[in-house]
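So the structure is just underneath, and the comments pick up after that.
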Amino acid sequence: MANNSFLDQLKNQYKNGGMHIRLLAWNLAVFLTIQLLIAILGDNHPLLDDIFTMPSNWYGFVTHPWSVFTSIFSHFGFLHFLFNMIFLYFAGQMFLQFFSGKRLLYTYIFGGVFGGLIHLGLSYALPMYISHYNQVVGASGAIMAIFIALAVYKPKLSVYLYGILKVPMFALALFFVLKDFLSIGESDNIAHFVHLGGALFGFLSVRKLNTSSNIITRLAKVVDSIKVKVTDRFTNPKLRKVQGRKPASKLKDDEYNVTKKMSQEQIDAILDKISRSGYDSLTKQEKEFLFKQSSK
């Protein structure tokens with residue numbers, strides 16, 4: 001009974017504990033998977049790097065494109081994993097006081113990916129600073145994006161270091177950014193450009209926050225539109241039609257252009273609604289309209 005109760009508590013925490021708890025759980029699952037593979041294959045097996053680490057050069061990235069995503073959930077050392085998860089827990093918890101879980105997820109994923117791409121880009125522009133890195137691994141860039149986004153949005157929000165020293169968020173964020181900037185080129189086994197790239201994304205993620213031009217809003221719209229198309233393509237047999245057909249309507253050019261513009265405006269409005277409230281908030285008529293448009 002006690003074991004069942006403990007498992008039930010874990011399931012309840014995962015389901016109701018917030019997005020930061022789910023991110024912690026996903027990182028833990030990957031960490032345990034890596035440790036299991038190390039125990040079976042050995043810690044130098046190439047499969048580990050092929051799956052979980054991002055190469056620090058474009059050739060390696062092109063041959064392992066998934067690595068820019070998997071690396072942001074991967075940790076090989078226990079202390080690296082522990083410190084990142086502590087930072088993620090507290091930063092994520094504070095982030096959710098002001099933003100949604102969906103925004104936290106997108107900031108983590110896209111912030112981490114952006115940091116990795118910045119690192120890859122600078123591997124050519126500034127090779128003398130990056131040549132000593134073979135692989136990049138860890139959630140640090142993604143967590144930095146969350147922390148900087150929070151610090152830019154609420155700069156006067158205070159945290160207590162060691163439970164004693166009260167420090168405003170902007171000062172702590174400035175310290176981390178300057179520390180990474182001044183440490184560029186050091187052989188300390190830390191990918192500082194990944195951190196700085198994540199920080200830049202975090203800053204951009206809260207610019208023009210309540211407008212359609214906000215970077216997270218734009219990315220969410222793209223992701224939601226892809227999810228709608230993929231989901232509907234596999235779940236609605238009416239959409240499984242041969243592509244490339246011309247419109248059956250015999251409207252004149254001007255009339256057709258006007259109709260097309262109105263349809264596009266309606267699509268944009270529906271995608272905005274999905275971005276704000278999710279796909280389930282659509283009416284039956286709006287879903288049917290998307291179905292028809294995606295089959296053209």
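In the structure tokens, chains take letters A, B, ... by order of appearance, with residues numbered from 1 within each chain and ligands from 1 in the order shown.
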
Wanna dump the stretch 140-191 of chain A-stretch 90-97 of chain A contacts at 12 Å for me, each residue with its shortest atom pair and the distance in Å to one decimal, counting only C-alpha atoms, ordered by chain and number, as a Markdown table?
```
| residue | atom | partner | partner_atom | distance |
| --- | --- | --- | --- | --- |
| A:Ser140 | CA | A:Ala91 | CA | 11.9 |
| A:Ala142 | CA | A:Gly92 | CA | 11.0 |
| A:Ile143 | CA | A:Ala91 | CA | 7.6 |
| A:Met144 | CA | A:Ala91 | CA | 9.0 |
| A:Ala145 | CA | A:Ala91 | CA | 10.0 |
| A:Ile146 | CA | A:Ala91 | CA | 6.8 |
| A:Phe147 | CA | A:Ala91 | CA | 5.8 |
| A:Ile148 | CA | A:Ala91 | CA | 9.5 |
| A:Ala149 | CA | A:Phe95 | CA | 8.4 |
| A:Leu150 | CA | A:Phe95 | CA | 6.0 |
| A:Ala151 | CA | A:Phe95 | CA | 9.4 |
| A:Val152 | CA | A:Phe95 | CA | 11.4 |
| A:Tyr153 | CA | A:Phe95 | CA | 9.7 |
| A:Lys154 | CA | A:Phe95 | CA | 9.7 |
| A:Leu157 | CA | A:Met94 | CA | 9.7 |
| A:Ser158 | CA | A:Met94 | CA | 10.7 |
| A:Val159 | CA | A:Met94 | CA | 9.9 |
| A:Tyr160 | CA | A:Phe90 | CA | 11.5 |
| A:Leu161 | CA | A:Phe90 | CA | 11.9 |
| A:Met169 | CA | A:Ala91 | CA | 10.6 |
| A:Ala173 | CA | A:Ala91 | CA | 11.5 |
```

Env of A:Ala139: 8 Å cut, atoms = only C-alpha atoms, seq-sep filter 2 positions within chain, self excluded. Answer as a PDB file with N, CA and C atoms, in the first residue's frame.
```
ATOM      1  N   SER A  71      20.008  17.117 -26.757  1.00  0.00           N
ATOM      2  CA  SER A  71      21.072  17.555 -25.842  1.00  0.00           C
ATOM      3  C   SER A  71      20.558  18.441 -24.716  1.00  0.00           C
ATOM      4  N   ILE A  72      19.432  19.125 -24.934  1.00  0.00           N
ATOM      5  CA  ILE A  72      18.938  20.041 -23.899  1.00  0.00           C
ATOM      6  C   ILE A  72      18.194  19.305 -22.782  1.00  0.00           C
ATOM      7  N   PHE A  73      18.036  17.989 -22.923  1.00  0.00           N
ATOM      8  CA  PHE A  73      17.449  17.176 -21.853  1.00  0.00           C
ATOM      9  C   PHE A  73      18.473  16.190 -21.282  1.00  0.00           C
ATOM     10  N   SER A  74      19.711  16.273 -21.731  1.00  0.00           N
ATOM     11  CA  SER A  74      20.697  15.239 -21.419  1.00  0.00           C
ATOM     12  C   SER A  74      21.769  15.730 -20.446  1.00  0.00           C
ATOM     13  N   HIS A  75      22.110  14.841 -19.492  1.00  0.00           N
ATOM     14  CA  HIS A  75      23.201  15.090 -18.550  1.00  0.00           C
ATOM     15  C   HIS A  75      23.893  13.765 -18.288  1.00  0.00           C
ATOM     16  N   ASN A  84      21.592  21.793 -12.409  1.00  0.00           N
ATOM     17  CA  ASN A  84      20.680  22.305 -13.427  1.00  0.00           C
ATOM     18  C   ASN A  84      19.226  22.122 -13.017  1.00  0.00           C
ATOM     19  N   GLY A 112      16.723  26.601 -25.567  1.00  0.00           N
ATOM     20  CA  GLY A 112      17.828  25.656 -25.628  1.00  0.00           C
ATOM     21  C   GLY A 112      18.305  25.423 -27.048  1.00  0.00           C
ATOM     22  N   VAL A 137      26.264  19.445 -24.181  1.00  0.00           N
ATOM     23  CA  VAL A 137      25.206  18.665 -23.542  1.00  0.00           C
ATOM     24  C   VAL A 137      24.739  19.398 -22.287  1.00  0.00           C
ATOM     25  N   GLY A 141      21.479  26.165 -21.282  1.00  0.00           N
ATOM     26  CA  GLY A 141      21.019  27.221 -22.188  1.00  0.00           C
ATOM     27  C   GLY A 141      19.518  27.414 -22.113  1.00  0.00           C
ATOM     28  N   ALA A 142      18.773  26.297 -22.021  1.00  0.00           N
ATOM     29  CA  ALA A 142      17.315  26.371 -21.927  1.00  0.00           C
ATOM     30  C   ALA A 142      16.888  27.025 -20.615  1.00  0.00           C
ATOM     31  N   ILE A 143      17.561  26.674 -19.526  1.00  0.00           N
ATOM     32  CA  ILE A 143      17.232  27.258 -18.221  1.00  0.00           C
ATOM     33  C   ILE A 143      17.599  28.733 -18.187  1.00  0.00           C
TER      34      ILE A 143
END
```

| message | I'd like to know which of A:Ile51, A:Leu196, A:Ile184, A:Ile267 is closest to A:Trp66, using only C-alpha atoms. | response |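 Counting only C-alpha atoms, the residue closest to A:Trp66 is A:Ile51.
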
| message | Please return, as a VMD selection string, all residues of stretch 42-285 of chain A that DSSP assigns to alpha helix (DSSP H) on the basis of the backbone. | response | chain A and resid 46 to 52 58 to 63 67 to 70 78 to 95 101 to 125 127 to 130 140 to 153 169 to 182 192 to 205 215 to 235 253 to 277 284 to 285

Write out, as a compact mmCIF listing (two decimals), in the first residue's frame, the residues just selected, with C-alpha atoms.
```txt
# COMPACT_ATOMS: atom_id res chain seq x y z
CA PRO A 46 29.73 6.24 -29.57
CA LEU A 47 25.98 5.63 -29.41
CA LEU A 48 25.77 7.87 -26.35
CA ASP A 49 27.28 10.84 -28.17
CA ASP A 50 25.30 10.10 -31.34
CA ILE A 51 21.98 10.35 -29.49
CA PHE A 52 22.45 12.69 -26.55
CA TRP A 58 28.21 21.97 -38.65
CA TYR A 59 29.17 18.66 -40.23
CA GLY A 60 28.32 16.82 -37.03
CA PHE A 61 25.09 18.77 -36.70
CA VAL A 62 23.98 18.01 -40.28
CA THR A 63 24.55 14.29 -39.72
CA SER A 67 21.06 16.43 -31.24
CA VAL A 68 20.19 20.14 -30.91
CA PHE A 69 16.95 18.95 -29.24
CA THR A 70 18.02 15.84 -27.32
CA PHE A 78 25.17 13.62 -11.45
CA LEU A 79 26.30 17.02 -10.17
CA HIS A 80 25.70 18.64 -13.59
CA PHE A 81 22.20 17.16 -13.58
CA LEU A 82 21.52 18.10 -9.93
CA PHE A 83 22.56 21.75 -10.17
CA ASN A 84 20.68 22.31 -13.43
CA MET A 85 17.52 20.73 -12.01
CA ILE A 86 17.67 22.85 -8.85
CA PHE A 87 18.00 25.98 -11.01
CA LEU A 88 15.20 24.77 -13.31
CA TYR A 89 12.87 24.06 -10.39
CA PHE A 90 13.16 27.50 -8.79
CA ALA A 91 13.30 29.47 -12.06
CA GLY A 92 10.39 27.50 -13.50
CA GLN A 93 8.33 27.89 -10.35
CA MET A 94 8.77 31.68 -10.38
CA PHE A 95 8.13 31.82 -14.14
CA GLY A 101 2.95 26.36 -18.64
CA LYS A 102 2.87 26.34 -22.43
CA ARG A 103 5.06 29.46 -22.56
CA LEU A 104 7.46 27.87 -20.08
CA LEU A 105 7.73 24.78 -22.29
CA TYR A 106 8.32 26.81 -25.45
CA THR A 107 10.87 29.05 -23.72
CA TYR A 108 12.77 26.00 -22.50
CA ILE A 109 12.78 24.13 -25.80
CA PHE A 110 13.29 27.00 -28.22
CA GLY A 111 15.69 28.78 -25.85
CA GLY A 112 17.83 25.66 -25.63
CA VAL A 113 17.71 25.06 -29.39
CA PHE A 114 18.50 28.71 -30.10
CA GLY A 115 21.49 28.59 -27.74
CA GLY A 116 22.77 25.49 -29.52
CA LEU A 117 22.42 27.10 -32.94
CA ILE A 118 24.21 30.25 -31.73
CA HIS A 119 27.07 28.03 -30.54
CA LEU A 120 27.22 26.29 -33.93
CA GLY A 121 27.16 29.59 -35.81
CA LEU A 122 29.99 31.01 -33.76
CA SER A 123 32.03 27.83 -34.22
CA TYR A 124 32.83 29.24 -37.67
CA ALA A 125 32.86 32.94 -36.84
CA PRO A 127 36.68 29.13 -33.94
CA MET A 128 39.47 30.10 -31.57
CA TYR A 129 36.94 30.32 -28.73
CA ILE A 130 35.05 27.10 -29.45
CA SER A 140 21.85 25.18 -19.07
CA GLY A 141 21.02 27.22 -22.19
CA ALA A 142 17.31 26.37 -21.93
CA ILE A 143 17.23 27.26 -18.22
CA MET A 144 19.08 30.50 -18.91
CA ALA A 145 16.35 31.45 -21.39
CA ILE A 146 13.71 30.95 -18.69
CA PHE A 147 15.66 32.90 -16.08
CA ILE A 148 16.47 35.85 -18.33
CA ALA A 149 12.88 36.03 -19.62
CA LEU A 150 11.68 36.28 -16.03
CA ALA A 151 14.35 38.83 -15.10
CA VAL A 152 13.51 41.07 -18.07
CA TYR A 153 9.78 40.84 -17.39
CA MET A 169 16.38 39.54 -10.46
CA PHE A 170 17.98 41.99 -12.88
CA ALA A 171 21.19 42.10 -10.83
CA LEU A 172 21.41 38.31 -10.66
CA ALA A 173 20.69 38.02 -14.39
CA LEU A 174 23.35 40.62 -15.18
CA PHE A 175 25.85 38.70 -13.05
CA PHE A 176 25.23 35.43 -14.93
CA VAL A 177 25.42 37.06 -18.35
CA LEU A 178 28.63 38.96 -17.54
CA LYS A 179 30.16 35.82 -16.02
CA ASP A 180 29.52 33.87 -19.22
CA PHE A 181 30.72 36.71 -21.41
CA LEU A 182 33.96 37.17 -19.49
CA HIS A 192 29.30 29.85 -22.62
CA PHE A 193 27.92 30.75 -26.06
CA VAL A 194 25.06 28.31 -25.47
CA HIS A 195 24.25 30.16 -22.24
CA LEU A 196 24.45 33.54 -23.95
CA GLY A 197 22.31 32.32 -26.85
CA GLY A 198 19.70 31.07 -24.39
CA ALA A 199 19.84 34.40 -22.57
CA LEU A 200 19.29 36.28 -25.84
CA PHE A 201 16.26 34.14 -26.65
CA GLY A 202 14.89 34.72 -23.14
CA PHE A 203 15.21 38.46 -23.67
CA LEU A 204 13.47 38.29 -27.06
CA SER A 205 10.72 36.05 -25.72
CA ILE A 215 8.57 35.40 -30.88
CA ILE A 216 6.90 32.80 -28.61
CA THR A 217 3.47 33.69 -30.00
CA ARG A 218 4.77 33.26 -33.55
CA LEU A 219 6.43 29.94 -32.75
CA ALA A 220 3.34 28.69 -30.93
CA LYS A 221 1.21 29.55 -33.95
CA VAL A 222 3.53 27.58 -36.24
CA VAL A 223 3.60 24.58 -33.91
CA ASP A 224 -0.18 24.60 -33.44
CA SER A 225 -0.84 24.85 -37.17
CA ILE A 226 1.47 21.88 -37.79
CA LYS A 227 -0.25 19.90 -35.03
CA VAL A 228 -3.67 20.66 -36.51
CA LYS A 229 -2.62 19.56 -39.99
CA VAL A 230 -0.88 16.40 -38.80
CA THR A 231 -3.64 15.41 -36.40
CA ASP A 232 -6.44 16.06 -38.85
CA ARG A 233 -4.59 14.33 -41.68
CA PHE A 234 -4.44 11.11 -39.67
CA THR A 235 -7.81 11.31 -37.90
CA ASP A 253 -9.85 36.57 -61.05
CA ASP A 254 -10.81 39.56 -58.90
CA GLU A 255 -13.55 37.65 -57.11
CA TYR A 256 -11.28 34.69 -56.54
CA ASN A 257 -8.54 36.91 -55.08
CA VAL A 258 -11.00 38.58 -52.70
CA THR A 259 -12.35 35.20 -51.59
CA LYS A 260 -8.83 33.87 -51.08
CA LYS A 261 -7.87 36.91 -48.97
CA MET A 262 -10.97 36.49 -46.79
CA SER A 263 -10.18 32.81 -46.28
CA GLN A 264 -6.62 33.62 -45.27
CA GLU A 265 -7.83 36.22 -42.77
CA GLN A 266 -10.21 33.65 -41.28
CA ILE A 267 -7.37 31.10 -41.07
CA ASP A 268 -5.16 33.64 -39.28
CA ALA A 269 -7.95 34.41 -36.80
CA ILE A 270 -8.47 30.72 -36.06
CA LEU A 271 -4.74 30.13 -35.58
CA ASP A 272 -4.59 33.09 -33.20
CA LYS A 273 -7.44 31.51 -31.24
CA ILE A 274 -5.58 28.19 -31.12
CA SER A 275 -2.43 29.98 -29.90
CA ARG A 276 -4.38 31.68 -27.12
CA SER A 277 -6.75 28.93 -25.99
CA LYS A 284 -17.35 22.82 -34.88
CA GLN A 285 -17.65 25.26 -37.80
```

| Residue nearest A:Arg22 - candidates A:Ala39, A:Leu10, A:Val206, A:Pro155, atoms counted: only C-alpha atoms |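 Ranking A:Ala39, A:Leu10, A:Val206, A:Pro155 by distance to A:Arg22, first place goes to A:Leu10.
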
| query | Any idea what the distance is between atom CA of A:Leu24 and atom CA of A:Pro168? | reply |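 Answer for the atom CA of A:Leu24 to atom CA of A:Pro168 separation: 25.3 Å.
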
| query | atom CA of A:Ser56 and atom CA of A:Val136 are how many Å apart? | reply |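 Rounded to one decimal, the two atoms are 6.7 Å apart.
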
| request: Write out as JSON, numbers by chain all residues of stretch 70-279 of chain A that backbone DSSP assigns to strand (DSSP E). | output: {"A": [135, 136, 158, 159, 160, 161, 165, 166, 167, 168]}

| message | Between atom CA of A:Met54 and atom CA of A:Ser187, what is the distance in Å, rounded to a tenth? | response | 18.0 Å
